[in-house]
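S.K.: Quick one, model-v7.cif (mmCIF, C-alpha atoms):
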```cif
data_run
loop_
_atom_site.label_atom_id
_atom_site.label_comp_id
_atom_site.auth_asym_id
_atom_site.auth_seq_id
_atom_site.Cartn_x
_atom_site.Cartn_y
_atom_site.Cartn_z
CA MET A 1 18.43 9.85 19.99
CA ILE A 2 15.04 8.60 21.12
CA GLN A 3 13.86 5.01 20.62
CA MET A 4 10.38 3.78 21.53
CA ASN A 5 11.64 1.24 24.06
CA THR A 6 9.84 2.80 27.06
CA TRP A 7 6.42 4.38 27.51
CA GLU A 8 7.99 7.79 28.12
CA SER A 9 10.09 7.69 24.96
CA ALA A 10 7.16 6.34 22.92
CA ILE A 11 4.97 9.26 24.03
CA THR A 12 7.77 11.71 23.22
CA VAL A 13 8.15 10.28 19.71
CA LEU A 14 4.37 10.32 19.22
CA LEU A 15 4.17 13.98 20.22
CA LEU A 16 7.05 14.85 17.91
CA VAL A 17 5.49 12.99 14.98
CA LEU A 18 2.04 14.52 15.53
CA ALA A 19 3.34 18.09 16.00
CA GLY A 20 5.72 17.92 13.07
CA GLY A 21 3.21 16.06 10.93
CA LEU A 22 0.55 18.70 11.51
CA VAL A 23 2.93 21.49 10.50
CA VAL A 24 4.34 19.89 7.35
CA GLY A 25 0.90 18.52 6.42
CA LYS A 26 -0.56 22.01 6.64
CA LEU A 27 2.20 23.37 4.43
CA THR A 28 1.24 20.90 1.67
CA GLU A 29 -2.45 21.88 1.56
CA ARG A 30 -2.35 24.88 -0.76
CA PRO A 31 0.01 23.37 -3.39
CA ARG A 32 -1.95 20.09 -2.97
CA ILE A 33 1.24 18.10 -2.51
CA PRO A 34 0.57 14.60 -1.09
CA ASP A 35 1.14 14.73 2.65
CA VAL A 36 3.00 11.40 2.68
CA ALA A 37 5.89 13.03 0.80
CA ALA A 38 6.14 15.74 3.45
CA TYR A 39 6.00 13.17 6.28
CA LEU A 40 8.82 11.19 4.66
CA LEU A 41 11.05 14.26 4.35
CA PHE A 42 10.25 15.27 7.93
CA GLY A 43 11.29 11.78 9.05
CA ILE A 44 14.64 12.13 7.27
CA LEU A 45 15.10 15.53 8.96
CA VAL A 46 14.52 14.29 12.53
CA GLY A 47 16.24 10.94 11.97
CA PRO A 48 19.88 9.87 12.27
CA ALA A 49 20.73 11.38 8.87
CA VAL A 50 20.26 15.02 10.00
CA LEU A 51 19.10 16.03 13.50
CA HIS A 52 19.57 12.69 15.32
CA TRP A 53 16.33 13.08 17.28
CA VAL A 54 14.54 9.80 16.53
CA ALA A 55 15.88 6.33 15.74
CA GLU A 56 13.44 3.42 15.62
CA PRO A 57 14.88 0.30 13.94
CA GLY A 58 12.80 -1.08 11.09
CA ARG A 59 12.97 -4.57 12.63
CA SER A 60 11.61 -3.49 16.02
CA GLU A 61 8.28 -4.86 17.26
CA VAL A 62 6.93 -1.32 17.66
CA ASN A 63 7.73 -0.43 14.07
CA GLN A 64 6.21 -3.65 12.72
CA PHE A 65 3.08 -3.02 14.80
CA ILE A 66 2.71 0.49 13.35
CA LEU A 67 3.29 -0.74 9.80
CA ASN A 68 0.76 -3.56 10.00
CA VAL A 69 -1.98 -1.72 11.91
CA GLY A 70 -1.54 1.45 9.86
CA ALA A 71 -1.63 -0.31 6.52
CA THR A 72 -4.65 -2.36 7.64
CA LEU A 73 -6.68 0.71 8.63
CA ILE A 74 -5.69 2.66 5.52
CA LEU A 75 -6.68 -0.29 3.32
CA PHE A 76 -10.00 -0.72 5.12
CA ASP A 77 -10.80 2.98 4.76
CA GLY A 78 -9.87 2.92 1.09
CA GLY A 79 -12.13 -0.08 0.57
CA ARG A 80 -15.06 1.80 2.08
CA SER A 81 -14.89 4.35 -0.73
CA THR A 82 -14.86 1.69 -3.47
CA GLN A 83 -18.19 1.24 -5.24
CA PHE A 84 -19.52 -2.08 -6.55
CA ALA A 85 -20.79 -0.33 -9.67
CA VAL A 86 -17.24 0.65 -10.56
CA LEU A 87 -15.70 -2.72 -9.67
CA ARG A 88 -18.15 -4.52 -11.95
CA GLN A 89 -16.84 -2.49 -14.88
CA VAL A 90 -13.11 -3.03 -14.29
CA TRP A 91 -12.69 -6.30 -12.38
CA VAL A 92 -10.74 -7.86 -15.27
CA SER A 93 -8.22 -4.99 -15.24
CA ILE A 94 -7.82 -5.22 -11.47
CA GLY A 95 -7.28 -8.98 -11.55
CA MET A 96 -4.73 -8.77 -14.37
CA LEU A 97 -2.83 -5.87 -12.81
CA ALA A 98 -2.68 -7.63 -9.44
CA THR A 99 -1.29 -10.86 -10.92
CA VAL A 100 0.22 -10.58 -14.40
CA GLY A 101 1.27 -6.99 -13.73
CA VAL A 102 3.27 -7.93 -10.63
CA LEU A 103 5.00 -10.82 -12.41
CA VAL A 104 5.93 -8.64 -15.41
CA SER A 105 7.33 -5.93 -13.14
CA ALA A 106 9.42 -8.44 -11.17
CA LEU A 107 10.79 -10.11 -14.30
CA VAL A 108 11.77 -6.83 -15.99
CA VAL A 109 13.53 -5.35 -12.95
CA GLY A 110 15.13 -8.69 -12.06
CA ALA A 111 16.49 -9.12 -15.57
CA ALA A 112 17.90 -5.58 -15.60
CA VAL A 113 19.71 -6.04 -12.27
CA HIS A 114 21.05 -9.45 -13.33
CA TRP A 115 22.38 -8.32 -16.69
CA ALA A 116 23.76 -4.96 -15.51
CA PHE A 117 25.54 -6.12 -12.35
CA GLY A 118 25.95 -9.86 -12.81
CA MET A 119 23.98 -10.67 -9.67
CA PRO A 120 22.54 -14.19 -9.43
CA TRP A 121 19.14 -14.63 -11.07
CA LEU A 122 17.46 -15.75 -7.87
CA PHE A 123 18.72 -12.79 -5.85
CA SER A 124 17.87 -10.33 -8.64
CA LEU A 125 14.32 -11.67 -8.84
CA LEU A 126 13.96 -11.57 -5.05
CA LEU A 127 14.96 -7.90 -5.01
CA ALA A 128 12.55 -7.19 -7.86
CA ALA A 129 9.71 -9.09 -6.17
CA VAL A 130 10.06 -6.94 -3.05
CA LEU A 131 9.63 -3.83 -5.24
CA ALA A 132 6.88 -5.24 -7.43
CA SER A 133 3.73 -4.23 -5.53
CA THR A 134 2.30 -0.73 -5.47
CA ASP A 135 1.32 0.88 -2.20
CA PRO A 136 -2.28 1.59 -1.15
CA ALA A 137 -1.03 3.36 1.97
CA THR A 138 0.47 5.98 -0.36
CA LEU A 139 -2.06 5.99 -3.18
CA ILE A 140 -5.21 6.33 -1.06
CA PRO A 141 -3.97 9.45 0.78
CA VAL A 142 -2.71 10.93 -2.50
CA PHE A 143 -6.14 10.56 -4.08
CA LYS A 144 -7.72 12.28 -1.07
CA ARG A 145 -5.65 15.32 -1.98
CA VAL A 146 -5.83 14.91 -5.75
CA PRO A 147 -9.24 13.45 -6.68
CA ILE A 148 -9.42 11.87 -10.14
CA GLU A 149 -12.18 10.17 -12.11
CA ALA A 150 -13.89 7.61 -9.89
CA ARG A 151 -13.48 4.57 -12.15
CA LEU A 152 -9.77 5.18 -12.68
CA GLN A 153 -9.14 6.03 -9.03
CA GLN A 154 -10.87 2.93 -7.69
CA THR A 155 -9.12 0.70 -10.21
CA VAL A 156 -5.70 1.91 -9.10
CA GLU A 157 -6.60 1.73 -5.39
CA SER A 158 -8.13 -1.74 -5.62
CA GLU A 159 -5.26 -3.15 -7.63
CA SER A 160 -2.73 -1.72 -5.18
CA ALA A 161 -4.53 -3.52 -2.35
CA PHE A 162 -4.85 -6.83 -4.15
CA ASN A 163 -1.32 -6.95 -5.58
CA ASP A 164 0.22 -7.04 -2.11
CA ALA A 165 -0.82 -10.68 -1.83
CA THR A 166 0.82 -11.50 -5.17
CA ALA A 167 4.09 -9.79 -4.30
CA SER A 168 4.19 -11.36 -0.83
CA VAL A 169 3.63 -14.87 -2.20
CA LEU A 170 6.26 -14.28 -4.87
CA VAL A 171 8.80 -13.19 -2.25
CA PHE A 172 8.04 -16.18 -0.01
CA THR A 173 8.29 -18.53 -3.00
CA LEU A 174 11.69 -17.19 -4.03
CA LEU A 175 12.87 -17.44 -0.43
CA GLY A 176 11.91 -21.10 -0.48
CA LEU A 177 13.88 -21.63 -3.68
CA PHE A 178 17.07 -20.34 -2.03
CA GLY A 179 17.53 -23.76 -0.45
CA ALA A 180 15.96 -25.80 -3.23
CA ALA A 181 19.30 -26.62 -4.93
CA GLY A 182 17.80 -26.18 -8.38
CA SER A 183 14.72 -28.31 -7.79
CA ALA A 184 11.43 -26.50 -7.31
CA ASN A 185 7.78 -27.38 -7.27
CA PHE A 186 6.14 -24.58 -9.26
CA ALA A 187 2.61 -25.86 -8.62
CA ALA A 188 2.97 -25.04 -4.91
CA PRO A 189 3.34 -21.27 -5.34
CA VAL A 190 0.30 -21.13 -7.62
CA TRP A 191 -1.79 -22.96 -5.06
CA ARG A 192 -0.38 -20.80 -2.28
CA PHE A 193 -1.44 -17.64 -4.10
CA ILE A 194 -4.94 -18.99 -4.76
CA GLN A 195 -5.25 -19.94 -1.10
CA SER A 196 -3.89 -16.63 0.19
CA ALA A 197 -6.04 -14.50 -2.08
CA GLY A 198 -9.18 -16.65 -1.91
CA VAL A 199 -9.21 -17.11 1.85
CA GLY A 200 -8.41 -13.43 2.35
CA LEU A 201 -11.38 -12.47 0.19
CA LEU A 202 -13.72 -14.84 2.03
CA VAL A 203 -12.61 -13.62 5.45
CA GLY A 204 -13.04 -10.02 4.33
CA VAL A 205 -16.54 -10.65 2.98
CA ALA A 206 -17.60 -12.44 6.16
CA CYS A 207 -16.24 -9.69 8.43
CA GLY A 208 -17.78 -6.95 6.29
CA LEU A 209 -21.22 -8.57 6.34
CA LEU A 210 -20.99 -9.08 10.10
CA CYS A 211 -20.17 -5.40 10.50
CA LEU A 212 -23.17 -4.30 8.43
CA TRP A 213 -25.51 -6.62 10.34
CA LEU A 214 -24.30 -5.27 13.69
CA VAL A 215 -24.50 -1.59 12.71
CA SER A 216 -27.30 -1.25 10.15
CA PRO A 217 -30.83 -0.61 11.52
CA ARG A 218 -32.10 -3.03 8.87
CA GLY A 219 -29.94 -5.81 10.34
CA TRP A 220 -29.61 -6.37 14.04
CA GLY A 221 -28.47 -2.78 14.46
CA SER A 222 -27.77 -2.92 18.18
CA PHE A 223 -24.38 -1.25 17.70
CA ARG A 224 -25.52 1.53 15.38
CA GLU A 225 -24.29 4.15 17.86
CA PHE A 226 -20.86 2.53 17.95
CA GLY A 227 -20.31 2.18 14.21
CA SER A 228 -16.75 3.53 14.17
CA VAL A 229 -15.66 1.20 16.99
CA VAL A 230 -17.28 -1.80 15.31
CA MET A 231 -15.56 -0.99 12.02
CA LEU A 232 -12.21 -0.57 13.75
CA ALA A 233 -12.63 -4.00 15.33
CA VAL A 234 -13.77 -5.50 12.02
CA ALA A 235 -10.78 -4.06 10.12
CA LEU A 236 -8.29 -5.46 12.62
CA GLY A 237 -10.27 -8.69 13.02
CA ALA A 238 -10.33 -9.31 9.27
CA TYR A 239 -6.55 -8.87 9.09
CA GLN A 240 -5.87 -11.07 12.10
CA GLY A 241 -8.36 -13.74 11.04
CA ALA A 242 -6.88 -14.06 7.58
CA GLU A 243 -3.31 -14.15 8.92
CA ALA A 244 -4.30 -16.91 11.35
CA LEU A 245 -5.47 -18.91 8.32
CA HIS A 246 -2.16 -18.20 6.51
CA ALA A 247 -3.92 -15.91 4.04
CA SER A 248 -3.50 -12.25 3.07
CA GLY A 249 -4.56 -10.06 5.97
CA PHE A 250 -4.28 -6.92 3.87
CA MET A 251 -6.60 -8.33 1.24
CA ALA A 252 -9.08 -9.32 3.94
CA ALA A 253 -9.04 -5.82 5.45
CA PHE A 254 -9.55 -4.14 2.09
CA THR A 255 -12.37 -6.52 1.15
CA ALA A 256 -14.10 -5.94 4.50
CA GLY A 257 -13.93 -2.21 3.79
CA VAL A 258 -15.45 -2.68 0.34
CA ILE A 259 -18.37 -4.64 1.84
CA THR A 260 -19.06 -2.11 4.60
CA GLY A 261 -18.91 0.72 2.08
CA ASN A 262 -21.60 -0.90 -0.08
CA GLY A 263 -24.26 -1.68 2.51
CA SER A 264 -27.08 -0.66 0.18
CA ALA A 265 -26.19 -3.57 -2.14
CA PHE A 266 -27.10 -5.96 0.69
CA GLY A 267 -30.09 -4.01 1.97
CA TRP A 268 -28.19 -2.97 5.09
CA ASP A 269 -27.78 0.80 4.75
CA LEU A 270 -26.17 2.79 7.54
CA GLU A 271 -27.96 5.68 9.21
CA GLY A 272 -26.72 9.13 8.23
CA HIS A 273 -25.20 10.01 11.61
CA THR A 274 -23.49 6.61 11.81
CA GLN A 275 -21.92 7.17 8.41
CA ASP A 276 -20.80 10.69 9.37
CA HIS A 277 -19.24 9.58 12.67
CA THR A 278 -17.45 6.71 10.95
CA ASP A 279 -16.09 8.97 8.21
CA HIS A 280 -14.75 11.48 10.74
CA PHE A 281 -13.20 8.74 12.86
CA PHE A 282 -11.37 7.07 9.98
CA ASN A 283 -10.22 10.38 8.53
CA GLY A 284 -8.52 11.09 11.86
CA ILE A 285 -7.10 7.65 12.59
CA THR A 286 -5.72 7.12 9.08
CA MET A 287 -4.08 10.55 9.13
CA ILE A 288 -2.30 9.65 12.38
CA MET A 289 -1.19 6.29 10.97
CA ARG A 290 0.12 7.93 7.78
CA MET A 291 2.17 10.32 9.89
CA LEU A 292 3.62 7.52 11.99
CA ILE A 293 4.35 5.20 9.07
CA PHE A 294 6.08 7.65 6.79
CA VAL A 295 7.88 9.72 9.42
CA LEU A 296 9.35 6.52 10.88
CA LEU A 297 10.24 5.28 7.38
CA GLY A 298 12.13 8.53 6.86
CA THR A 299 14.08 8.07 10.10
CA GLN A 300 15.14 4.57 9.00
CA VAL A 301 16.89 5.58 5.78
CA ASP A 302 20.55 4.55 6.13
CA PHE A 303 22.33 6.78 3.65
CA GLY A 304 25.61 4.95 4.18
CA VAL A 305 24.13 1.70 2.88
CA VAL A 306 22.31 3.63 0.15
CA ARG A 307 25.60 5.18 -1.05
CA ALA A 308 27.27 1.77 -1.07
CA ASN A 309 24.55 0.42 -3.37
CA LEU A 310 23.78 3.64 -5.22
CA TRP A 311 24.18 2.43 -8.80
CA VAL A 312 22.21 -0.77 -8.23
CA GLY A 313 19.44 1.32 -6.70
CA ILE A 314 19.45 3.95 -9.43
CA LEU A 315 19.20 1.32 -12.17
CA ALA A 316 16.54 -0.75 -10.38
CA VAL A 317 14.38 2.27 -9.55
CA ALA A 318 14.75 3.82 -13.00
CA VAL A 319 13.81 0.56 -14.72
CA LEU A 320 10.93 0.12 -12.28
CA MET A 321 9.47 3.58 -12.90
CA VAL A 322 10.18 4.05 -16.59
CA LEU A 323 9.94 0.55 -18.03
CA ALA A 324 8.67 -2.21 -15.73
CA ARG A 325 5.52 -0.64 -14.37
CA PRO A 326 4.34 0.81 -17.69
CA LEU A 327 4.91 -2.64 -19.26
CA SER A 328 2.97 -4.25 -16.41
CA VAL A 329 0.02 -1.97 -17.18
CA LEU A 330 0.16 -2.65 -20.92
CA ALA A 331 0.38 -6.41 -20.31
CA SER A 332 -2.75 -6.24 -18.13
CA VAL A 333 -5.33 -3.76 -19.40
CA TRP A 334 -5.34 -4.97 -23.02
CA ALA A 335 -7.41 -8.00 -21.96
CA ASP A 336 -10.20 -5.86 -20.51
CA ARG A 337 -12.28 -4.92 -23.56
CA ARG A 338 -15.27 -4.03 -21.43
CA ALA A 339 -13.47 -1.26 -19.54
CA ARG A 340 -12.66 0.62 -22.76
CA TRP A 341 -9.70 2.41 -21.27
CA ARG A 342 -8.63 5.59 -23.05
CA TRP A 343 -4.96 6.21 -23.77
CA ARG A 344 -4.96 8.95 -21.13
CA ASP A 345 -6.22 6.50 -18.50
CA VAL A 346 -3.49 4.01 -19.36
CA ALA A 347 -0.85 6.76 -19.33
CA PHE A 348 -2.00 7.86 -15.89
CA MET A 349 -1.72 4.27 -14.63
CA PHE A 350 1.87 4.22 -15.98
CA TRP A 351 2.80 7.04 -13.61
CA VAL A 352 0.79 6.35 -10.45
CA ARG A 353 2.71 3.29 -9.22
CA GLU A 354 4.25 4.33 -5.88
CA THR A 355 6.29 2.01 -3.66
CA GLY A 356 5.77 2.18 0.11
CA VAL A 357 4.72 0.30 3.21
CA ILE A 358 4.44 -3.32 2.01
CA PRO A 359 7.83 -3.41 0.20
CA ALA A 360 9.41 -1.82 3.30
CA ALA A 361 7.84 -4.51 5.48
CA LEU A 362 9.06 -7.29 3.15
CA ALA A 363 12.58 -5.84 3.11
CA GLY A 364 12.54 -5.71 6.90
CA MET A 365 11.40 -9.32 7.06
CA LEU A 366 14.33 -10.43 4.87
CA ALA A 367 16.74 -8.52 7.11
CA ALA A 368 15.20 -10.08 10.22
CA GLN A 369 15.75 -13.56 8.73
CA GLY A 370 19.39 -12.77 8.00
CA ILE A 371 19.06 -13.36 4.25
CA GLN A 372 22.37 -12.76 2.47
CA GLY A 373 22.23 -9.47 0.58
CA SER A 374 19.22 -8.20 2.55
CA ASP A 375 21.09 -4.92 3.17
CA VAL A 376 21.21 -4.36 -0.60
CA ILE A 377 17.50 -5.11 -0.92
CA GLY A 378 16.73 -2.76 1.98
CA ALA A 379 18.76 0.07 0.47
CA VAL A 380 17.19 -0.29 -2.98
CA THR A 381 13.72 -0.51 -1.43
CA PHE A 382 14.20 2.77 0.44
CA MET A 383 15.49 4.40 -2.75
CA ALA A 384 12.36 3.21 -4.55
CA ILE A 385 10.15 4.58 -1.78
CA LEU A 386 11.93 7.93 -1.81
CA ALA A 387 11.95 8.26 -5.58
CA THR A 388 8.38 7.18 -6.27
CA ILE A 389 6.88 9.26 -3.45
CA LEU A 390 8.97 12.38 -4.03
CA ILE A 391 8.75 12.24 -7.84
CA GLN A 392 5.55 10.41 -8.74
CA ALA A 393 3.27 11.10 -5.77
CA THR A 394 4.08 14.81 -5.66
CA THR A 395 3.35 15.23 -9.38
CA THR A 396 0.11 13.22 -9.44
CA GLY A 397 -2.02 16.35 -9.60
CA ILE A 398 0.02 17.83 -12.45
CA VAL A 399 -0.10 14.61 -14.45
CA ALA A 400 -3.84 14.15 -13.81
CA LYS A 401 -4.61 17.65 -15.07
CA ALA A 402 -2.30 17.31 -18.06
CA LEU A 403 -3.99 14.05 -19.08
CA GLY A 404 -7.50 15.33 -18.35
CA VAL A 405 -8.39 12.69 -15.75
CA ALA A 406 -8.75 14.97 -12.71
CA ARG A 407 -12.19 15.00 -11.10
CA PRO A 408 -14.11 18.26 -11.66
CA ALA A 409 -14.33 20.55 -8.62
CA GLU A 410 -18.11 20.33 -8.36
CA GLU A 411 -18.02 16.53 -8.49
CA GLU A 412 -15.32 16.51 -5.80
CA GLU A 413 -17.60 18.43 -3.46
CA GLU A 414 -20.46 16.01 -3.96
CA VAL A 415 -18.39 12.92 -3.08
#
```
Please re-express this file's structure in structure tokens.

M.R.:
Amino acid sequence: MIQMNTWESAITVLLLVLAGGLVVGKLTERPRIPDVAAYLLFGILVGPAVLHWVAEPGRSEVNQFILNVGATLILFDGGRSTQFAVLRQVWVSIGMLATVGVLVSALVVGAAVHWAFGMPWLFSLLLAAVLASTDPATLIPVFKRVPIEARLQQTVESESAFNDATASVLVFTLLGLFGAAGSANFAAPVWRFIQSAGVGLLVGVACGLLCLWLVSPRGWGSFREFGSVVMLAVALGAYQGAEALHASGFMAAFTAGVITGNGSAFGWDLEGHTQDHTDHFFNGITMIMRMLIFVLLGTQVDFGVVRANLWVGILAVAVLMVLARPLSVLASVWADRRARWRWRDVAFMFWVRETGVIPAALAGMLAAQGIQGSDVIGAVTFMAILATILIQATTTGIVAKALGVARPAEEEEEV
């Protein structure tokens, strides 16, 4: 089996991923199946479970690099398509889903695992916290294939970006409680979340404004011919800058994308050719990162560990999909009277709650730290990724049409 521990092997894996990704991605076009589901299955095929061609450990530096860079660029690109006009209508829903929604989901799944299998409360909640966030790296590509109404789409995408910070802080807080011997300072996690989210937002806004000023002809504009390169640097810089300040790099990257995608609101519009070049560049780079992320995730599924924890995983994933995430939506959107969500919008939000890159990264972090029971958390996390992508992501188009929230064909062409 090939591991990316030399330049030659890394190039071989890259060629295999790109060639296989192009083929399986093409096969999903006509049925409009999300390409991430096909990449995941292809990864399982070429991984240790079937063909034994590729094996890249989830804890390796190469894998962590791909996860972080890929998720950062996908988030930034998703932010660029988010409109201020839409965010102003639904900011209450996004804020509630990204905070209250994550806590509700973690509590429901944690309670189910604790009561069904007698696992300690703290461990059950830690497992549930890893699963609690939804995945923008999955949702954004799915909505490129299955466009839905703009307000609903951007609400789900934005919330999936913002809730990563909540889930990460919750996981880190529970990790800290492992050695607290029953005593815990619950004011610290609240402040940590405010700091992580707030600083991430500020860094993202600053980086986004800098990008617009450098690229827009109405700002300094000296780098207008290099817009895609500037935005690539800004996306990575926003992530790295926020992380250096112990804040959410993913939130910073998404926020920077939102700012650069709304240049007209600041009087710094981009020229048409700059916008076109940037769109083409990010379409290509995010497609490559999706291939790498989900093919490698597929190769890392350890079916032996999954079988050993099958019933825990089945219960946790079933509760997550059928009960916890719908309850998290209901607990959040009721407070947003201004949004005037229809029942069909809420029902669609029940279903579109995929698990993906960030939970996988958190599970890998727990394994790297040698946390007791991290193998169980890793197995359940992979089951959640498999189930939500293969069941929920692949049926997004069917559910959207059944509920009447799919974007009309003529509107899709205009966007």

S.K.: Using all atoms listed in the file, pick whichever of A:Gly176, A:Gly241, A:Gly221, A:Pro57 has the shortest atom-to-atom distance to Asp269 (chain A).

M.R.: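 Answer, going by the shortest atom-to-atom distance: A:Gly221.
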
S.K.: For this structure, which residues satisfy the selection - the PyMOL selection byres ((chain A and resi 166) around 7) - when it is evaluated on the file as given? I want them as a list in words.

M.R.: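 On the file shown, the PyMOL selection byres ((chain A and resi 166) around 7) covers Ala98, Thr99, Val102, Asn163, Asp164, Ala165, Ala167, Ser168, Val169, Leu170 and Phe193 of chain A.
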
S.K.: Kindly export the residues of the current selection with C-alpha atoms, as a PDB file, in the coordinates of the input.

M.R.:
```
ATOM      1  CA  ALA A  98      -2.680  -7.630  -9.440  1.00  0.00           C
ATOM      2  CA  THR A  99      -1.290 -10.860 -10.920  1.00  0.00           C
ATOM      3  CA  VAL A 102       3.270  -7.930 -10.630  1.00  0.00           C
ATOM      4  CA  ASN A 163      -1.320  -6.950  -5.580  1.00  0.00           C
ATOM      5  CA  ASP A 164       0.220  -7.040  -2.110  1.00  0.00           C
ATOM      6  CA  ALA A 165      -0.820 -10.680  -1.830  1.00  0.00           C
ATOM      7  CA  ALA A 167       4.090  -9.790  -4.300  1.00  0.00           C
ATOM      8  CA  SER A 168       4.190 -11.360  -0.830  1.00  0.00           C
ATOM      9  CA  VAL A 169       3.630 -14.870  -2.200  1.00  0.00           C
ATOM     10  CA  LEU A 170       6.260 -14.280  -4.870  1.00  0.00           C
ATOM     11  CA  PHE A 193      -1.440 -17.640  -4.100  1.00  0.00           C
TER      12      PHE A 193
END
```

S.K.: Could you name the residues that touch region 308-316 of chain A at 12 Å or less, counting only C-alpha atoms, but leaving out those on the same chain fewer than 6 positions away, as a PyMOL selection string?

M.R.: chain A and resi 105-119+124-125+127-132+302+322-325+373-388

S.K.: Could you please take those selected residues and save C-alpha atoms as a PDB file, in the coordinates of the input?

M.R.:
```pdb
ATOM      1  CA  SER A 105       7.330  -5.930 -13.140  1.00  0.00           C
ATOM      2  CA  ALA A 106       9.420  -8.440 -11.170  1.00  0.00           C
ATOM      3  CA  LEU A 107      10.790 -10.110 -14.300  1.00  0.00           C
ATOM      4  CA  VAL A 108      11.770  -6.830 -15.990  1.00  0.00           C
ATOM      5  CA  VAL A 109      13.530  -5.350 -12.950  1.00  0.00           C
ATOM      6  CA  GLY A 110      15.130  -8.690 -12.060  1.00  0.00           C
ATOM      7  CA  ALA A 111      16.490  -9.120 -15.570  1.00  0.00           C
ATOM      8  CA  ALA A 112      17.900  -5.580 -15.600  1.00  0.00           C
ATOM      9  CA  VAL A 113      19.710  -6.040 -12.270  1.00  0.00           C
ATOM     10  CA  HIS A 114      21.050  -9.450 -13.330  1.00  0.00           C
ATOM     11  CA  TRP A 115      22.380  -8.320 -16.690  1.00  0.00           C
ATOM     12  CA  ALA A 116      23.760  -4.960 -15.510  1.00  0.00           C
ATOM     13  CA  PHE A 117      25.540  -6.120 -12.350  1.00  0.00           C
ATOM     14  CA  GLY A 118      25.950  -9.860 -12.810  1.00  0.00           C
ATOM     15  CA  MET A 119      23.980 -10.670  -9.670  1.00  0.00           C
ATOM     16  CA  SER A 124      17.870 -10.330  -8.640  1.00  0.00           C
ATOM     17  CA  LEU A 125      14.320 -11.670  -8.840  1.00  0.00           C
ATOM     18  CA  LEU A 127      14.960  -7.900  -5.010  1.00  0.00           C
ATOM     19  CA  ALA A 128      12.550  -7.190  -7.860  1.00  0.00           C
ATOM     20  CA  ALA A 129       9.710  -9.090  -6.170  1.00  0.00           C
ATOM     21  CA  VAL A 130      10.060  -6.940  -3.050  1.00  0.00           C
ATOM     22  CA  LEU A 131       9.630  -3.830  -5.240  1.00  0.00           C
ATOM     23  CA  ALA A 132       6.880  -5.240  -7.430  1.00  0.00           C
ATOM     24  CA  ASP A 302      20.550   4.550   6.130  1.00  0.00           C
ATOM     25  CA  VAL A 322      10.180   4.050 -16.590  1.00  0.00           C
ATOM     26  CA  LEU A 323       9.940   0.550 -18.030  1.00  0.00           C
ATOM     27  CA  ALA A 324       8.670  -2.210 -15.730  1.00  0.00           C
ATOM     28  CA  ARG A 325       5.520  -0.640 -14.370  1.00  0.00           C
ATOM     29  CA  GLY A 373      22.230  -9.470   0.580  1.00  0.00           C
ATOM     30  CA  SER A 374      19.220  -8.200   2.550  1.00  0.00           C
ATOM     31  CA  ASP A 375      21.090  -4.920   3.170  1.00  0.00           C
ATOM     32  CA  VAL A 376      21.210  -4.360  -0.600  1.00  0.00           C
ATOM     33  CA  ILE A 377      17.500  -5.110  -0.920  1.00  0.00           C
ATOM     34  CA  GLY A 378      16.730  -2.760   1.980  1.00  0.00           C
ATOM     35  CA  ALA A 379      18.760   0.070   0.470  1.00  0.00           C
ATOM     36  CA  VAL A 380      17.190  -0.290  -2.980  1.00  0.00           C
ATOM     37  CA  THR A 381      13.720  -0.510  -1.430  1.00  0.00           C
ATOM     38  CA  PHE A 382      14.200   2.770   0.440  1.00  0.00           C
ATOM     39  CA  MET A 383      15.490   4.400  -2.750  1.00  0.00           C
ATOM     40  CA  ALA A 384      12.360   3.210  -4.550  1.00  0.00           C
ATOM     41  CA  ILE A 385      10.150   4.580  -1.780  1.00  0.00           C
ATOM     42  CA  LEU A 386      11.930   7.930  -1.810  1.00  0.00           C
ATOM     43  CA  ALA A 387      11.950   8.260  -5.580  1.00  0.00           C
ATOM     44  CA  THR A 388       8.380   7.180  -6.270  1.00  0.00           C
TER      45      THR A 388
END
```

S.K.: State, in Å with one decimal place, the distance from CA of Ile94 (chain A) to CA of Met251 (chain A).

M.R.: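 Interatomic distance, CA of Ile94 (chain A) to CA of Met251 (chain A): 13.1 Å.
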
S.K.: Given the choices A:Val329, A:Val54, A:Ala38, A:Val305, which gets closest to Leu22 (chain A) if the distance is worked out from only C-alpha atoms?

M.R.: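 Among the listed residues, the smallest separation from Leu22 (chain A) belongs to A:Ala38.
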
S.K.: Which residues, protein or nucleic acid, reach to within 12 Å of (-10.4, -15.1, 8.4) in the file's coordinates when using all atoms listed in the file, and can you give that as a VMD selection string?

M.R.: chain A and resid 195 to 208 234 to 253 255 to 256

S.K.: Could you please determine the separation between CA of Val301 (chain A) and CA of Ala55 (chain A) in Å, to one decimal place?

M.R.: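 CA of Ala55 (chain A) lies 10.0 Å from CA of Val301 (chain A).
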
S.K.: Enter the distance from CA of Ile74 (chain A) to CA of Pro136 (chain A), in Å, rounded to one decimal.

M.R.: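 Computed distance, CA of Ile74 (chain A) to CA of Pro136 (chain A), equals 7.6 Å.
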
S.K.: Once the PyMOL selection byres ((chain A and resi 39) around 9) is applied to the coordinates I shared, what remains selected? I want it as a VMD selection string.

M.R.: chain A and resid 17 20 to 21 24 to 25 35 to 38 40 to 44 290 to 296 298

S.K.: Could you check which of A:Thr138, A:Thr12, A:Ser158, A:Ser93 is closest to Thr286 (chain A), using only C-alpha atoms?

M.R.: A:Thr138

S.K.: Using all atoms listed in the file, which of the listed residues (A:Leu270, A:Ala347, A:Ile389, A:Ala361) sits closest to Gly70 (chain A)?

M.R.: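 Looking at the shortest contact to Gly70 (chain A), the residue is A:Ala361.
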